[in-house]
Amino acid sequence: MQNIKWISTTREQYWQEKQPEQGVEAVVNLTVTDEAKRVIEGFGGCFNELGYHAIQQLTESEQHKVYDALFSPEGDCRFTICRLPIGASDYALQWYSHNETEDDLEMEHFSIQRDRRFLIPYIKEALKRNPDLQLFASPWSPPTWMKFPKAYNYGTIRWEPEILKAYALYFVKFVQAYAEEGITIHQVHVQNEVVADQKFPSCVWTGEQLRAFIRDYLGPAFKEHGLQTEIWLGTINGIVEDLFTKSASDYDAIAAPTLSDPEASQYVAGVGYQWAGKYALQQTVQSYPEKRYMQTENECGDGKNTWEYAQYVFNLYRHYFVNGVNAYVYWNMVLEPEGKSTWGWNQNAMITAQVTEQKALFNPEYYVMKHFSHFIEPGARRLETTGPWTGTTVAFQNPDGTKVVILQNPFKEEREAQISIDGDACTFLLEAESFHTISW
């Protein structure tokens, strides 16, 4: 019998190491098969200005504790792929773009000067700990002069050839500017939440517009400038319409136009889904299994960081992995208490920077992430499982052969999971409403 490691997290006790009862007479109710699925690229979160501001409120030792926990290869979460905004996200201190000079089609006034104050120091702390950290970036809004109406929030991009060409150049300049800072942007996603017409920075795109922009402008611009940065079709958040009147699925309307066009699809390395986009993931993966997929923004809650929402989030992880993503990315890694945005919405975070106490508080969703990211290494393969516990379980095999099972007991009473390990039945007593990682 190989060594079994079992970590349990309950509402009352986080991250407890336990031992199963081995070699018992029991009916196996969870079997990990050898049927291998997607390769896993990793886990991460998003670098946002309000997150960096929150970390800065902590003592220096607490700041290091947070950075080590998130990014160190020997730390808790061991992040390997993270996101950053191109211009202001909805968790920026103020709204901005990298070029607000009207009609600057040649991007002569493009600048990441603001990022040197708030985002780049945050990213460099992560890169100190993991120089191999992969980064992907997306805009929430183009520069305002490229939009109608002329504002960061709401609206659409001006569909004019000279504007679209300039916007493709805007992406090129971003990748180049970050490279000059010693930071590689490994992917760009065309737009955060392509159907979000919001009071925070946003811009609505149709599936046909995404196809044309990637095919005719962005892809050729990256090729012309010799960029190795991947282009992803993302981040797709579903269709905001009346459920009873929409005639197309999220997949048909948003992803399929680009992926079904050979000229556009040649530039697309993968697809990023978040929020209601989860309903289109299965169709897309089944139709285009050769592409890579990512859950690009964990659903954000209401700033209360409850145990109940962590249970909901666990099911998001499972949904995305069993339906074919290669990576899972949290939203705000760190926020101040209540997690209020500049536009007034409270959101959850993995870690709360308690400003008054100058201490970092690790929230329930931090431990949900840790149950996955601490054990699953880049290059792991998802494994299929069978048995009654399959509906709340996801399993993986690391490159070194280690098998990892992550499961939730969603019931309000203890339940037993009997797992066959190396031919022996092992019994795991799962506390009510608990999370578990079992590896061997």
# chains A, B, ... in the order shown; residues from 1 in each chain; ligands from 1
>>> residues_around(residues="region 346-352 of chain A", least_positions_apart="5", cutoff="8 Å", atoms="only C-alpha atoms", output="list in words")
Cys300, Gly301, Asp302, Gly303, Lys304, Asn305, Trp331, Asn332, Met333, Val334, Leu335, Glu336, Pro337, Glu338, Gly339, Lys340, Ser341, Ala360, Leu361, Phe362, Asn363, Pro364, Glu365 and Tyr366 of chain A
>>> closest_atom_pairs(of="region 216-290 of chain A", to="region 126-136 of chain A", cutoff="10 Å", atoms="only C-alpha atoms", output="Markdown table")
| residue | atom | partner | partner_atom | distance |
| --- | --- | --- | --- | --- |
| A:Thr229 | CA | A:Phe136 | CA | 9.0 |
| A:Glu230 | CA | A:Phe136 | CA | 8.9 |
| A:Ile231 | CA | A:Phe136 | CA | 9.5 |
| A:Trp232 | CA | A:Phe136 | CA | 9.2 |
>>> residues_around(residues="Pro262 (chain A)", least_positions_apart="4", cutoff="12 Å", atoms="only C-alpha atoms", output="ChimeraX atom specification")
/A:211-212,214-215,256-258,266-268
>>> residues_around(residues="Val329 (chain A)", least_positions_apart="3", cutoff="8 Å", atoms="only C-alpha atoms", output="MDAnalysis selection string")
chainID A and resid 43:46 81:83 294:298
>>> residues_around(residues="Ala26 (chain A)", least_positions_apart="2", cutoff="7 Å", atoms="only C-alpha atoms", output="VMD selection string")
chain A and resid 24 28 418 425
>>> atom_distance(atom1="CA of Ile254 (chain A)", atom2="CA of Lys165 (chain A)")
21.6 Å
>>> residues_around(residues="Tyr178 (chain A)", least_positions_apart="5", cutoff="9 Å", atoms="only C-alpha atoms", output="PyMOL selection string")
chain A and resi 112+120+173+183-185
>>> select_by_dssp(residues="region 292-434 of chain A", states="strand (DSSP E)", output="ChimeraX atom specification")
/A:292-297,327-332,334-335,351-354,359-362,381-386,393-397,403-409,415-421,424-430,434
>>> residues_around(residues="region 202-207 of chain A", least_positions_apart="6", cutoff="9 Å", atoms="only C-alpha atoms", output="short mmCIF file (atom, residue, chain, number, x, y, z; two decimals) with C-alpha atoms, in the first residue's frame")
data_model
loop_
_atom_site.label_atom_id
_atom_site.label_comp_id
_atom_site.auth_asym_id
_atom_site.auth_seq_id
_atom_site.Cartn_x
_atom_site.Cartn_y
_atom_site.Cartn_z
CA SER A 89 -10.80 46.45 -14.92
CA ASP A 90 -13.85 47.03 -12.76
CA PRO A 139 -9.25 44.70 -21.91
CA TRP A 140 -12.49 45.61 -20.18
CA SER A 141 -12.87 48.57 -22.54
CA PRO A 142 -11.02 50.02 -25.52
CA LYS A 147 -16.17 53.54 -28.73
CA TYR A 152 -15.48 53.43 -20.64
CA ASN A 153 -18.77 51.85 -19.60
CA TYR A 154 -21.49 50.47 -21.88
CA GLY A 155 -21.33 50.73 -25.65
CA THR A 156 -19.50 49.07 -28.51
CA ILE A 157 -16.34 49.56 -30.53
CA GLN A 191 -12.52 41.34 -24.55
CA ASN A 192 -13.57 40.74 -20.97
CA GLU A 193 -17.17 39.51 -20.97
CA VAL A 194 -18.07 40.10 -24.58
CA VAL A 195 -21.79 40.52 -23.92
CA ALA A 196 -21.57 42.60 -20.71
CA ASP A 252 -23.79 29.21 -31.58
CA ALA A 253 -23.81 32.98 -31.16
CA ILE A 254 -20.38 33.72 -29.70
CA ALA A 255 -17.81 30.94 -30.07
CA ALA A 256 -18.89 29.12 -33.22
CA PRO A 257 -18.57 32.01 -35.72
CA THR A 258 -14.83 32.33 -35.09
#
>>> closest_residue(among="A:Phe171, A:Phe71, A:Phe411, A:Tyr320", to="Ala276 (chain A)", atoms="only C-alpha atoms")
A:Tyr320
>>> closest_residue(among="A:Ile123, A:Leu259, A:Leu407, A:Ile163", to="Gly182 (chain A)", atoms="only C-alpha atoms")
A:Ile123
